[in-house]
$ cat upload_34.tsv   # TSV, C-alpha atoms
chain	number	residue	atom	x	y	z
Y	16	MET	CA	-53.85	-98.67	-64.35
Y	17	TRP	CA	-52.87	-95.23	-63.02
Y	18	ARG	CA	-54.49	-95.77	-59.64
Y	19	TRP	CA	-51.15	-96.17	-57.87
Y	20	LEU	CA	-50.31	-92.61	-58.90
Y	21	HIS	CA	-53.34	-91.07	-57.24
Y	22	PRO	CA	-51.94	-90.71	-53.68
Y	23	TYR	CA	-49.14	-88.51	-55.04
Y	24	ALA	CA	-51.62	-85.77	-55.88
Y	25	LYS	CA	-51.29	-85.06	-52.18
Y	26	PRO	CA	-48.14	-82.93	-51.73
Y	27	GLU	CA	-47.15	-84.66	-48.49
Y	28	ALA	CA	-47.13	-88.09	-50.16
Y	29	THR	CA	-44.90	-86.79	-52.97
Y	30	TYR	CA	-42.62	-85.17	-50.40
Y	31	ARG	CA	-42.23	-88.45	-48.52
Y	32	LEU	CA	-41.55	-90.39	-51.73
Y	33	VAL	CA	-38.94	-87.89	-52.91
Y	34	GLU	CA	-37.33	-87.88	-49.47
Y	35	LYS	CA	-37.03	-91.65	-49.61
Y	36	LEU	CA	-35.65	-91.79	-53.17
Y	37	LEU	CA	-33.27	-88.82	-53.07
Y	38	PRO	CA	-30.34	-90.44	-51.18
Y	39	TRP	CA	-30.33	-93.34	-53.65
Y	40	PHE	CA	-30.28	-91.09	-56.68
Y	41	ALA	CA	-27.62	-88.88	-55.08
Y	42	ALA	CA	-25.42	-91.93	-54.43
Y	43	LEU	CA	-25.93	-93.18	-58.00
Y	44	THR	CA	-25.02	-89.70	-59.30
Y	45	PHE	CA	-21.73	-89.62	-57.39
Y	46	ILE	CA	-20.74	-93.13	-58.38
Y	47	SER	CA	-21.58	-92.93	-62.07
Y	48	LEU	CA	-20.21	-89.39	-62.57
Y	49	ALA	CA	-16.95	-90.21	-60.77
Y	50	VAL	CA	-16.45	-93.41	-62.77
Y	51	GLY	CA	-17.61	-91.96	-66.09
Y	52	VAL	CA	-15.76	-88.66	-65.97
Y	53	ILE	CA	-12.46	-90.12	-64.71
Y	54	TRP	CA	-12.65	-92.97	-67.22
Y	55	GLY	CA	-13.52	-90.62	-70.04
Y	56	LEU	CA	-10.99	-87.89	-69.26
Y	57	ALA	CA	-8.06	-90.04	-68.17
Y	58	PHE	CA	-8.36	-93.56	-69.55
Y	59	ALA	CA	-10.37	-93.53	-72.77
Y	60	PRO	CA	-8.15	-93.46	-75.88
Y	61	ALA	CA	-7.55	-90.23	-77.79
Y	62	ASP	CA	-9.47	-89.63	-81.02
Y	63	TYR	CA	-7.80	-90.27	-84.40
Y	64	GLN	CA	-8.80	-86.86	-85.68
Y	65	GLN	CA	-9.24	-84.56	-82.72
Y	66	GLY	CA	-6.72	-86.02	-80.28
Y	67	ASP	CA	-7.51	-85.23	-76.67
Y	68	SER	CA	-9.82	-82.31	-77.48
Y	69	TYR	CA	-12.71	-84.66	-78.13
Y	70	ARG	CA	-12.82	-85.55	-74.42
Y	71	ILE	CA	-15.14	-82.64	-73.73
Y	72	ILE	CA	-17.77	-84.90	-75.31
Y	73	PHE	CA	-18.09	-86.61	-71.91
Y	74	LEU	CA	-19.64	-83.43	-70.52
Y	75	HIS	CA	-21.05	-81.79	-73.63
Y	76	VAL	CA	-23.20	-84.64	-74.93
Y	77	PRO	CA	-24.82	-85.62	-71.58
Y	78	ALA	CA	-25.52	-81.97	-70.73
Y	79	ALA	CA	-27.08	-81.37	-74.15
Y	80	ILE	CA	-29.19	-84.54	-74.08
Y	81	PHE	CA	-30.59	-83.87	-70.63
Y	82	SER	CA	-31.15	-80.18	-71.31
Y	83	MET	CA	-33.70	-81.56	-73.77
Y	84	GLY	CA	-34.77	-84.43	-71.50
Y	85	ALA	CA	-35.47	-82.04	-68.63
Y	86	TYR	CA	-37.54	-79.89	-70.97
Y	87	ALA	CA	-39.60	-82.90	-72.06
Y	88	GLY	CA	-40.19	-83.76	-68.40
Y	89	MET	CA	-41.20	-80.19	-67.64
Y	90	ALA	CA	-43.63	-80.15	-70.56
Y	91	ILE	CA	-45.23	-83.42	-69.42
Y	92	MET	CA	-45.64	-81.92	-65.95
Y	93	GLY	CA	-47.09	-78.82	-67.61
Y	94	GLY	CA	-49.64	-80.97	-69.43
Y	95	ILE	CA	-50.59	-82.77	-66.21
Y	96	ALA	CA	-50.86	-79.44	-64.41
Y	97	LEU	CA	-53.20	-78.08	-67.09
Y	98	ILE	CA	-55.43	-81.13	-67.49
Y	99	TRP	CA	-55.61	-82.63	-63.99
Y	100	GLN	CA	-54.68	-79.41	-62.16
Y	101	ILE	CA	-52.52	-81.26	-59.68
Y	102	LYS	CA	-50.53	-78.89	-57.48
Y	103	THR	CA	-47.38	-81.01	-57.25
Y	104	ALA	CA	-47.22	-81.07	-61.05
Y	105	GLU	CA	-47.47	-77.26	-61.09
Y	106	TRP	CA	-44.69	-76.93	-58.53
Y	107	SER	CA	-42.43	-79.28	-60.45
Y	108	ILE	CA	-42.24	-76.69	-63.27
Y	109	PRO	CA	-40.13	-74.20	-61.25
Y	110	ALA	CA	-38.28	-77.21	-59.83
Y	111	ILE	CA	-37.21	-78.44	-63.28
Y	112	ALA	CA	-36.73	-75.18	-65.23
Y	113	PRO	CA	-33.53	-73.84	-63.54
Y	114	VAL	CA	-31.91	-77.30	-63.64
Y	115	GLY	CA	-32.68	-77.59	-67.36
Y	116	ALA	CA	-31.49	-74.04	-68.00
Y	117	ALA	CA	-28.21	-74.80	-66.21
Y	118	LEU	CA	-27.72	-77.94	-68.35
Y	119	THR	CA	-28.40	-75.87	-71.48
Y	120	VAL	CA	-25.79	-73.31	-70.42
Y	121	VAL	CA	-23.28	-76.11	-69.77
Y	122	ALA	CA	-24.01	-77.59	-73.21
Y	123	LEU	CA	-23.61	-74.20	-74.93
Y	124	LEU	CA	-20.41	-73.31	-73.05
Y	125	THR	CA	-18.70	-76.69	-73.50
Y	126	GLY	CA	-19.76	-76.56	-77.14
Y	127	ALA	CA	-18.13	-73.16	-77.59
Y	128	ILE	CA	-14.95	-74.33	-75.83
Y	129	TRP	CA	-14.88	-77.37	-78.11
Y	130	GLY	CA	-15.70	-75.35	-81.21
Y	131	LYS	CA	-12.85	-72.87	-80.92
Y	132	PRO	CA	-9.95	-75.33	-81.35
Y	133	MET	CA	-11.78	-77.78	-83.66
Y	134	TRP	CA	-13.96	-75.66	-85.93
Y	135	GLY	CA	-12.01	-72.44	-85.51
Y	136	THR	CA	-14.85	-70.43	-83.99
Y	137	TRP	CA	-16.64	-70.08	-80.65
Y	138	TRP	CA	-20.04	-69.67	-82.19
Y	139	VAL	CA	-21.76	-69.92	-85.52
Y	140	TRP	CA	-25.43	-69.25	-86.25
Y	141	ASP	CA	-26.16	-72.69	-87.62
Y	142	ALA	CA	-29.44	-74.49	-86.96
Y	143	ARG	CA	-28.20	-76.73	-84.13
Y	144	LEU	CA	-26.52	-74.02	-82.09
Y	145	THR	CA	-29.32	-71.52	-82.62
Y	146	SER	CA	-32.09	-73.95	-81.68
Y	147	GLU	CA	-30.22	-74.93	-78.50
Y	148	LEU	CA	-29.92	-71.23	-77.65
Y	149	ILE	CA	-33.69	-70.90	-78.16
Y	150	LEU	CA	-34.11	-73.75	-75.66
Y	151	LEU	CA	-32.28	-71.62	-73.08
Y	152	PHE	CA	-34.59	-68.69	-73.81
Y	153	LEU	CA	-37.62	-70.99	-73.45
Y	154	TYR	CA	-36.43	-72.09	-70.01
Y	155	ILE	CA	-35.90	-68.46	-68.99
Y	156	GLY	CA	-39.34	-67.58	-70.37
Y	157	VAL	CA	-41.00	-70.40	-68.41
Y	158	MET	CA	-39.33	-69.26	-65.18
Y	159	ALA	CA	-40.22	-65.61	-65.80
Y	160	LEU	CA	-43.85	-66.42	-66.63
Y	161	TYR	CA	-44.23	-68.66	-63.58
Y	162	PHE	CA	-43.34	-65.81	-61.24
Y	163	ALA	CA	-44.92	-63.02	-63.30
Y	164	PHE	CA	-48.38	-63.22	-61.73
Y	165	ASP	CA	-49.59	-62.25	-58.26
Y	166	ASP	CA	-51.71	-65.37	-58.25
Y	167	ALA	CA	-49.33	-68.35	-58.18
Y	168	ARG	CA	-51.77	-70.72	-59.91
Y	169	THR	CA	-52.29	-68.35	-62.84
Y	170	GLY	CA	-48.53	-68.14	-63.20
Y	171	ALA	CA	-48.23	-71.92	-63.11
Y	172	LYS	CA	-50.89	-72.23	-65.82
Y	173	ALA	CA	-49.15	-69.69	-68.06
Y	174	ALA	CA	-45.77	-71.37	-67.55
Y	175	ALA	CA	-47.33	-74.78	-68.28
Y	176	ILE	CA	-48.75	-73.49	-71.58
Y	177	LEU	CA	-45.38	-72.02	-72.61
Y	178	SER	CA	-43.57	-75.24	-71.72
Y	179	LEU	CA	-46.02	-77.16	-73.92
Y	180	VAL	CA	-45.61	-74.71	-76.79
Y	181	GLY	CA	-41.83	-75.01	-76.54
Y	182	VAL	CA	-41.91	-78.79	-76.96
Y	183	ILE	CA	-41.83	-78.23	-80.72
Y	184	ASN	CA	-38.23	-77.04	-80.30
Y	185	LEU	CA	-37.06	-80.49	-79.15
Y	186	PRO	CA	-37.43	-82.32	-82.50
Y	187	ILE	CA	-36.02	-79.23	-84.21
Y	188	ILE	CA	-32.86	-79.40	-82.07
Y	189	HIS	CA	-32.52	-83.12	-82.63
Y	190	TYR	CA	-33.09	-83.15	-86.39
Y	191	SER	CA	-31.49	-79.77	-87.16
Y	192	VAL	CA	-28.28	-81.52	-88.22
Y	193	GLU	CA	-30.21	-83.69	-90.69
Y	194	TRP	CA	-32.72	-81.23	-92.10
Y	195	TRP	CA	-30.26	-78.45	-92.83
Y	196	ASN	CA	-26.59	-78.27	-93.50
Y	197	THR	CA	-24.83	-77.13	-90.35
Y	198	LEU	CA	-21.31	-76.78	-89.01
Y	199	HIS	CA	-22.28	-79.08	-86.14
Y	200	GLN	CA	-21.74	-82.74	-86.98
Y	201	GLY	CA	-24.55	-85.31	-87.10
Y	202	ALA	CA	-25.77	-87.57	-84.30
Y	203	THR	CA	-23.28	-90.09	-82.91
Y	204	ILE	CA	-25.29	-92.07	-80.39
Y	205	THR	CA	-28.90	-90.82	-80.51
Y	206	LYS	CA	-29.82	-92.62	-83.71
Y	207	PHE	CA	-31.19	-95.98	-84.61
Y	208	GLU	CA	-28.09	-97.32	-86.28
Y	209	ARG	CA	-25.00	-98.47	-84.45
Y	210	PRO	CA	-23.34	-95.59	-82.59
Y	211	SER	CA	-20.43	-94.25	-84.65
Y	212	ILE	CA	-18.03	-94.19	-81.72
Y	213	ALA	CA	-15.51	-96.84	-80.71
Y	214	THR	CA	-16.62	-99.09	-77.85
Y	215	SER	CA	-13.71	-97.99	-75.66
Y	216	MET	CA	-15.12	-94.43	-75.83
Y	217	LEU	CA	-18.78	-95.38	-75.88
Y	218	ILE	CA	-18.78	-97.13	-72.49
Y	219	PRO	CA	-17.49	-94.14	-70.46
Y	220	LEU	CA	-19.85	-91.89	-72.45
Y	221	LEU	CA	-22.83	-94.07	-71.52
Y	222	ILE	CA	-21.75	-94.01	-67.86
Y	223	CYS	CA	-21.52	-90.20	-68.04
Y	224	LEU	CA	-24.99	-90.12	-69.61
Y	225	ALA	CA	-26.35	-92.19	-66.70
Y	226	GLY	CA	-24.52	-89.87	-64.30
Y	227	PHE	CA	-26.11	-86.77	-65.80
Y	228	LEU	CA	-29.52	-88.45	-65.78
Y	229	PHE	CA	-29.21	-89.21	-62.06
Y	230	LEU	CA	-27.79	-85.73	-61.44
Y	231	THR	CA	-30.74	-84.11	-63.19
Y	232	ILE	CA	-33.23	-86.23	-61.26
Y	233	SER	CA	-31.47	-85.57	-57.92
Y	234	LEU	CA	-31.34	-81.80	-58.46
Y	235	VAL	CA	-34.98	-81.68	-59.51
Y	236	MET	CA	-35.95	-83.75	-56.46
Y	237	MET	CA	-34.08	-81.39	-54.13
Y	238	ARG	CA	-35.79	-78.39	-55.66
Y	239	LEU	CA	-39.19	-80.08	-55.65
Y	240	LYS	CA	-38.85	-80.82	-51.93
Y	241	ASN	CA	-38.23	-77.13	-51.29
Y	242	GLU	CA	-41.12	-76.07	-53.53
Y	243	ILE	CA	-43.51	-78.41	-51.71
Y	244	LEU	CA	-42.39	-77.16	-48.28
Y	245	ARG	CA	-42.61	-73.53	-49.42
Y	246	HIS	CA	-46.22	-73.95	-50.51
Y	247	GLU	CA	-47.29	-76.12	-47.58
Y	248	LEU	CA	-45.74	-73.99	-44.85
Y	249	GLY	CA	-49.08	-73.48	-43.14
Y	250	ARG	CA	-49.76	-77.21	-42.85
Y	251	PRO	CA	-48.93	-79.06	-39.63
Y	252	TRP	CA	-46.87	-81.75	-41.41
Y	253	ALA	CA	-44.63	-79.15	-42.99
Y	254	GLN	CA	-44.15	-77.40	-39.64
Y	255	GLN	CA	-43.19	-80.72	-38.08
Y	256	GLU	CA	-40.78	-81.35	-40.95
Y	257	LEU	CA	-39.10	-77.99	-40.41
Y	258	GLU	CA	-38.82	-78.49	-36.66
Y	259	LYS	CA	-37.31	-81.92	-37.20
Y	260	ASN	CA	-34.34	-80.39	-39.00
K	28	MET	CA	-61.85	-89.27	-67.29
K	29	ASN	CA	-64.44	-86.69	-66.36
K	30	PRO	CA	-65.76	-84.41	-69.11
K	31	ARG	CA	-63.97	-81.27	-67.91
K	32	ARG	CA	-60.60	-82.99	-67.89
K	33	LYS	CA	-61.35	-84.48	-71.27
K	34	GLN	CA	-62.11	-81.00	-72.58
K	35	ARG	CA	-58.87	-79.62	-71.18
K	36	LEU	CA	-56.94	-82.56	-72.64
K	37	THR	CA	-58.46	-81.75	-76.04
K	38	TRP	CA	-57.37	-78.13	-75.73
K	39	VAL	CA	-53.83	-79.11	-74.78
K	40	LEU	CA	-53.64	-81.48	-77.76
K	41	ILE	CA	-55.01	-78.79	-80.09
K	42	LEU	CA	-52.44	-76.33	-78.75
K	43	VAL	CA	-49.51	-78.69	-79.29
K	44	PHE	CA	-50.79	-79.76	-82.71
K	45	GLY	CA	-51.43	-76.17	-83.81
K	46	VAL	CA	-48.01	-74.97	-82.72
K	47	SER	CA	-46.38	-77.94	-84.49
K	48	VAL	CA	-48.17	-77.22	-87.75
K	49	ALA	CA	-47.40	-73.50	-87.57
K	50	THR	CA	-43.72	-74.10	-86.82
K	51	GLY	CA	-43.53	-76.80	-89.48
K	52	LEU	CA	-44.90	-74.47	-92.14
K	53	MET	CA	-42.61	-71.66	-91.02
K	54	LEU	CA	-39.51	-73.86	-91.15
K	55	TYR	CA	-40.60	-75.25	-94.52
K	56	ALA	CA	-40.90	-71.73	-95.90
K	57	LEU	CA	-37.54	-70.74	-94.47
K	58	SER	CA	-35.80	-74.04	-95.15
K	59	GLN	CA	-33.26	-72.66	-97.61
K	60	SER	CA	-32.35	-69.68	-95.45
K	61	ILE	CA	-31.65	-71.91	-92.47
K	62	ASP	CA	-28.91	-73.80	-94.31
K	63	LEU	CA	-25.57	-72.55	-93.07
K	64	PHE	CA	-23.80	-72.82	-96.41
K	65	TYR	CA	-24.07	-73.53	-100.12
K	66	THR	CA	-22.59	-76.78	-101.35
K	67	PRO	CA	-20.39	-76.54	-104.47
K	68	SER	CA	-23.13	-78.25	-106.55
K	69	GLU	CA	-25.72	-75.75	-105.35
K	70	LEU	CA	-23.35	-72.93	-106.23
K	71	VAL	CA	-22.90	-74.16	-109.79
K	72	GLU	CA	-26.33	-75.62	-110.55
K	73	GLY	CA	-28.47	-73.29	-108.44
K	74	LYS	CA	-30.25	-73.92	-105.19
K	75	GLY	CA	-33.83	-74.93	-104.48
K	76	GLU	CA	-36.72	-75.38	-106.87
K	77	ASP	CA	-36.16	-72.17	-108.80
K	78	LYS	CA	-32.44	-72.97	-109.20
K	79	GLN	CA	-31.38	-69.61	-107.89
K	80	LYS	CA	-27.67	-69.03	-108.38
K	81	PRO	CA	-25.64	-66.66	-106.24
K	82	GLN	CA	-24.15	-63.69	-108.05
K	83	VAL	CA	-20.54	-62.67	-108.29
K	84	GLY	CA	-19.79	-60.23	-105.48
K	85	GLN	CA	-22.25	-61.84	-103.09
K	86	ARG	CA	-21.08	-62.64	-99.57
K	87	MET	CA	-21.78	-66.26	-98.73
K	88	ARG	CA	-20.60	-69.47	-97.10
K	89	VAL	CA	-19.62	-72.55	-99.10
K	90	GLY	CA	-19.06	-75.94	-97.51
K	91	GLY	CA	-17.48	-79.07	-98.92
K	92	MET	CA	-14.61	-81.50	-98.77
K	93	VAL	CA	-11.08	-80.29	-99.47
K	94	VAL	CA	-9.97	-82.02	-102.69
K	95	GLU	CA	-6.85	-84.12	-102.18
K	96	GLY	CA	-3.77	-82.64	-103.77
K	97	SER	CA	-5.39	-79.24	-104.37
K	98	VAL	CA	-3.89	-77.34	-101.43
K	99	LYS	CA	-1.39	-74.79	-102.70
K	100	ARG	CA	0.51	-72.58	-100.30
K	101	ASP	CA	2.56	-69.51	-101.02
K	102	PRO	CA	5.90	-70.24	-99.29
K	103	LYS	CA	6.48	-66.57	-98.38
K	104	THR	CA	3.03	-65.45	-97.15
K	105	LEU	CA	0.01	-66.97	-95.45
K	106	GLU	CA	-1.83	-67.17	-98.76
K	107	VAL	CA	-3.36	-70.54	-99.49
K	108	SER	CA	-5.74	-71.84	-102.14
K	109	PHE	CA	-7.57	-75.12	-102.35
K	110	ASN	CA	-10.53	-76.71	-104.08
K	111	ILE	CA	-13.61	-78.01	-102.33
K	112	THR	CA	-16.21	-80.37	-103.73
K	113	ASP	CA	-19.26	-82.40	-102.72
K	114	THR	CA	-20.48	-84.65	-105.51
K	115	GLY	CA	-19.29	-83.08	-108.74
K	116	PRO	CA	-18.15	-79.54	-109.41
K	117	GLU	CA	-15.16	-78.04	-107.65
K	118	ILE	CA	-14.98	-74.56	-106.16
K	119	THR	CA	-11.68	-72.80	-105.59
K	120	VAL	CA	-11.21	-71.05	-102.25
K	121	LEU	CA	-8.58	-68.35	-101.79
K	122	TYR	CA	-7.66	-67.54	-98.22
K	123	GLN	CA	-5.07	-65.56	-96.37
K	124	GLY	CA	-4.61	-66.45	-92.73
K	125	ILE	CA	-4.21	-69.29	-90.31
K	126	LEU	CA	-6.23	-72.40	-91.04
K	127	PRO	CA	-7.85	-74.33	-88.16
K	128	ASP	CA	-5.98	-77.34	-86.74
K	129	LEU	CA	-8.43	-79.79	-88.28
K	130	PHE	CA	-7.89	-78.47	-91.81
K	131	ARG	CA	-6.65	-81.40	-93.87
K	132	GLU	CA	-7.11	-82.73	-97.36
K	133	GLY	CA	-10.28	-84.77	-97.42
K	134	GLN	CA	-11.69	-82.78	-94.49
K	135	GLY	CA	-15.06	-81.03	-94.57
K	136	ILE	CA	-14.72	-77.26	-94.27
K	137	VAL	CA	-16.98	-74.20	-94.40
K	138	ALA	CA	-15.53	-71.05	-95.96
K	139	GLN	CA	-17.13	-67.65	-95.62
K	140	GLY	CA	-16.29	-64.87	-98.01
K	141	GLU	CA	-17.05	-63.11	-101.25
K	142	LEU	CA	-17.69	-64.80	-104.57
K	143	VAL	CA	-15.15	-63.18	-106.90
K	144	GLU	CA	-15.77	-65.40	-109.92
K	145	PRO	CA	-18.63	-67.88	-110.48
K	146	THR	CA	-16.53	-70.70	-109.00
K	147	VAL	CA	-13.95	-68.79	-106.95
K	148	LEU	CA	-14.54	-67.69	-103.36
K	149	LYS	CA	-12.25	-65.23	-101.63
K	150	ALA	CA	-12.64	-66.35	-98.04
K	151	THR	CA	-12.34	-64.22	-94.93
K	152	GLU	CA	-12.91	-67.16	-92.59
K	153	VAL	CA	-12.34	-70.90	-92.95
K	154	LEU	CA	-13.97	-73.24	-90.41
K	155	ALA	CA	-13.30	-76.97	-90.18
K	156	LYS	CA	-16.16	-79.44	-89.88
K	157	HIS	CA	-15.54	-82.75	-88.21
K	158	ASP	CA	-17.64	-85.86	-88.57
K	159	GLU	CA	-19.60	-87.67	-85.89
K	160	GLU	CA	-17.23	-90.61	-85.73
K	161	TYR	CA	-14.89	-91.02	-82.82
K	162	MET	CA	-12.27	-93.76	-82.58
K	163	PRO	CA	-8.71	-94.29	-81.42
K	164	PRO	CA	-6.00	-93.79	-84.08
K	165	GLU	CA	-5.11	-97.50	-84.34
K	166	LEU	CA	-8.72	-98.39	-85.09
K	167	ALA	CA	-9.00	-95.57	-87.62
K	168	GLU	CA	-5.98	-96.89	-89.43
K	169	LYS	CA	-7.42	-100.38	-89.53
K	170	MET	CA	-10.92	-99.36	-90.60
K	171	LYS	CA	-10.33	-96.36	-92.80
K	172	GLY	CA	-6.65	-96.54	-93.67
K	173	ILE	CA	-6.59	-92.85	-92.63
K	174	LYS	CA	-6.83	-90.68	-95.67
K	175	HIS	CA	-6.29	-87.51	-93.67
K	176	VAL	CA	-2.99	-86.01	-94.62
K	177	ASN	CA	-1.92	-82.94	-92.75
K	178	PRO	CA	-0.90	-80.41	-95.42
K	179	ASN	CA	1.41	-78.65	-92.95
K	180	LYS	CA	3.33	-81.84	-92.47
K	181	SER	CA	3.75	-82.67	-96.14
K	182	TYR	CA	4.81	-79.06	-96.73
K	183	GLU	CA	7.57	-79.44	-94.12
K	184	ASP	CA	8.63	-82.70	-95.73
K	185	GLY	CA	9.06	-80.87	-99.01
K	186	ASP	CA	6.30	-82.67	-100.90
K	187	LEU	CA	4.69	-79.51	-102.16

$ encode --input "upload_34.tsv" --output "structure tokens"
Amino acid sequence: MWRWLHPYAKPEATYRLVEKLLPWFAALTFISLAVGVIWGLAFAPADYQQGDSYRIIFLHVPAAIFSMGAYAGMAIMGGIALIWQIKTAEWSIPAIAPVGAALTVVALLTGAIWGKPMWGTWWVWDARLTSELILLFLYIGVMALYFAFDDARTGAKAAAILSLVGVINLPIIHYSVEWWNTLHQGATITKFERPSIATSMLIPLLICLAGFLFLTISLVMMRLKNEILRHELGRPWAQQELEKN
Amino acid sequence: MNPRRKQRLTWVLILVFGVSVATGLMLYALSQSIDLFYTPSELVEGKGEDKQKPQVGQRMRVGGMVVEGSVKRDPKTLEVSFNITDTGPEITVLYQGILPDLFREGQGIVAQGELVEPTVLKATEVLAKHDEEYMPPELAEKMKGIKHVNPNKSYEDGDL
């Protein structure tokens, strides 16, 4: 069943695959983000309650969702790195962590900018905001641990363990608005019922979500390519690759 | 899967499971402290299993819906008072200052301040909560018949 995956344990094979896929994902990112953001910011109707201020949702929600999505991906890679000890999985941890951290910062900043006019405050220590801040610290911790050891593989192992430990934060972030009373409102689209947003706003939001997904994947792929080359510098194929460019 | 990988897989699963249980217990123990605010019912009837009631003079946050028709403004100063409720009892909030744009009757708000009487909060900060529903105004009118009345507007119109 998983046999098709086996060749990608070899860094060169992963590099070639990523090289082949990257232009497609980059193109998808540009198309969907351009369509989604312009549609959302310029053409979607204003909200009945919040007027035009709600439009920051088209950046805030995708950034927040994929700050968690990237973490889940990193933790899965961490698990693979620990159990199967595959090098490319280890290298994908430093490839994913800064991208996820950047998404978390975007989510926190857009949230603060949204919170000031709507709630009346930049920040409040409620469960949702605090757990998202902890996610940022987890990303920073994973990055710091990865580079904290002289032996790169020890560092990768430590970072993989921390990324697995931090997974528990993901359900806490998601359910924080249900388990406790918070200033942050409940889920609009990430629930099993019908999304509580009008279709004319939902469509651009979904396009923005796709855009951020492709953006996350593209950025991680770019970083992974670099990580692979950095570690394989001594190999002939990597030398050839460098000379080619 | 070879035995060594299986062993490592077991350890990873134990790690994730252990951390989940530990965090779950911790959050369960802290659950009441993590709540951002008291609801008016909790304030009156007590919160949690031991029905602990806050004391007069305690600094706290209370959150609820602004009761329609309860917003009273002093025409000369920025003083304002209104009642908030959730399912039953009403709490009076006294506040001096500028209310957030979203403050309306029927709107969820969170007020932080000092409890001056068992059901009166002297607030130093009033934050507006908004719900998770987004829709254009025409749709809101059709579906909900918009109950949100801007108190500033009705004040200008001379209703209050």

$ closest_residue --input "upload_34.tsv" --among "K:Glu144, K:Glu95, K:Asp128, K:Glu76" --to "chain Y" --atoms "only C-alpha atoms"
K:Asp128

$ interface_residues --input "upload_34.tsv" --of "chain K" --to "chain Y" --cutoff "6 Å" --atoms "all atoms listed in the file" --output "list in words"
Arg32, Arg35, Leu36, Ser47, Asp62, Leu63, Pro127, Leu154, Ala155, Lys156, Asp158, Glu159, Glu160, Tyr161, Met162, Pro163 and Pro164 of chain K

$ closest_residue --input "upload_34.tsv" --among "K:Ile125, K:Val93, K:Glu117, K:Ala167" --to "Glu72 in chain K" --atoms "all atoms listed in the file"
K:Glu117

$ closest_residue --input "upload_34.tsv" --among "K:Met92, K:Ile118, K:Val46, K:Leu105" --to "Ile136 in chain K" --atoms "all atoms listed in the file"
K:Met92

$ atom_distance --input "upload_34.tsv" --atom1 "CA of Ala117 in chain Y" --atom2 "CA of Ile61 in chain K"
26.6 Å

$ closest_residue --input "upload_34.tsv" --among "K:Thr112, K:Gln85, K:Thr104, K:Gln123" --to "Val143 in chain K" --atoms "only C-alpha atoms"
K:Gln85

$ closest_residue --input "upload_34.tsv" --among "Y:Arg245, Y:Lys240, Y:Arg143, Y:Lys172" --to "Val39 in chain K" --atoms "all atoms listed in the file"
Y:Lys172

$ atom_distance --input "upload_34.tsv" --atom1 "CA of Ile41 in chain K" --atom2 "CA of Gly156 in chain Y"
21.6 Å

$ atom_distance --input "upload_34.tsv" --atom1 "CA of Asp113 in chain K" --atom2 "CA of Gly91 in chain K"
5.4 Å

$ axis_aligned_box --input "upload_34.tsv" --around "range 23-38 of chain Y" --padding-each-side "5 Å" --output "lines of an AutoDock Vina configuration file"
center_x = -41.0
center_y = -87.4
center_z = -52.2
size_x = 31.3
size_y = 18.9
size_z = 17.4

$ residues_around --input "upload_34.tsv" --residues "Lys99 in chain K" --least-positions-apart "4" --cutoff "9 Å" --atoms "only C-alpha atoms" --output "PyMOL selection string"
chain K and resi 106-109+187

$ closest_residue --input "upload_34.tsv" --among "K:Leu121, K:Leu126, K:Val153, K:Val83" --to "Ser97 in chain K" --atoms "all atoms listed in the file"
K:Leu121

$ residues_around --input "upload_34.tsv" --residues "Val235 in chain Y" --least-positions-apart "3" --cutoff "10 Å" --atoms "only C-alpha atoms" --output "list in words"
Val33, Leu37, Ala85, Ser107, Ile108, Pro109, Ala110, Ile111, Ala112, Pro113, Val114, Gly115, Phe229, Leu230, Thr231, Ile232, Arg238, Leu239, Lys240 and Asn241 of chain Y

$ residues_around --input "upload_34.tsv" --residues "Leu142 in chain K" --least-positions-apart "3" --cutoff "10 Å" --atoms "all atoms listed in the file" --output "ChimeraX atom specification"
/K:81-89,120,139,145-150

$ build_atoms --input "upload_34.tsv" --residues "range 158-165 of chain Y" --atoms "N, CA and C atoms" --output "PDB file, keeping the file's coordinate frame"
ATOM      1  N   MET Y 158     -39.582 -69.724 -66.557  1.00  0.00           N
ATOM      2  CA  MET Y 158     -39.330 -69.260 -65.180  1.00  0.00           C
ATOM      3  C   MET Y 158     -39.931 -67.879 -64.973  1.00  0.00           C
ATOM      4  N   ALA Y 159     -39.720 -66.984 -65.950  1.00  0.00           N
ATOM      5  CA  ALA Y 159     -40.220 -65.610 -65.800  1.00  0.00           C
ATOM      6  C   ALA Y 159     -41.738 -65.611 -65.728  1.00  0.00           C
ATOM      7  N   LEU Y 160     -42.390 -66.395 -66.609  1.00  0.00           N
ATOM      8  CA  LEU Y 160     -43.850 -66.420 -66.630  1.00  0.00           C
ATOM      9  C   LEU Y 160     -44.407 -66.980 -65.314  1.00  0.00           C
ATOM     10  N   TYR Y 161     -43.741 -68.008 -64.788  1.00  0.00           N
ATOM     11  CA  TYR Y 161     -44.230 -68.660 -63.580  1.00  0.00           C
ATOM     12  C   TYR Y 161     -44.343 -67.642 -62.446  1.00  0.00           C
ATOM     13  N   PHE Y 162     -43.346 -66.753 -62.365  1.00  0.00           N
ATOM     14  CA  PHE Y 162     -43.340 -65.810 -61.240  1.00  0.00           C
ATOM     15  C   PHE Y 162     -43.897 -64.449 -61.627  1.00  0.00           C
ATOM     16  N   ALA Y 163     -44.502 -64.337 -62.823  1.00  0.00           N
ATOM     17  CA  ALA Y 163     -44.920 -63.020 -63.300  1.00  0.00           C
ATOM     18  C   ALA Y 163     -46.304 -62.624 -62.799  1.00  0.00           C
ATOM     19  N   PHE Y 164     -47.005 -63.539 -62.140  1.00  0.00           N
ATOM     20  CA  PHE Y 164     -48.380 -63.220 -61.730  1.00  0.00           C
ATOM     21  C   PHE Y 164     -48.476 -63.163 -60.200  1.00  0.00           C
ATOM     22  N   ASP Y 165     -49.373 -62.315 -59.711  1.00  0.00           N
ATOM     23  CA  ASP Y 165     -49.590 -62.250 -58.260  1.00  0.00           C
ATOM     24  C   ASP Y 165     -50.196 -63.555 -57.779  1.00  0.00           C
TER      25      ASP Y 165
END
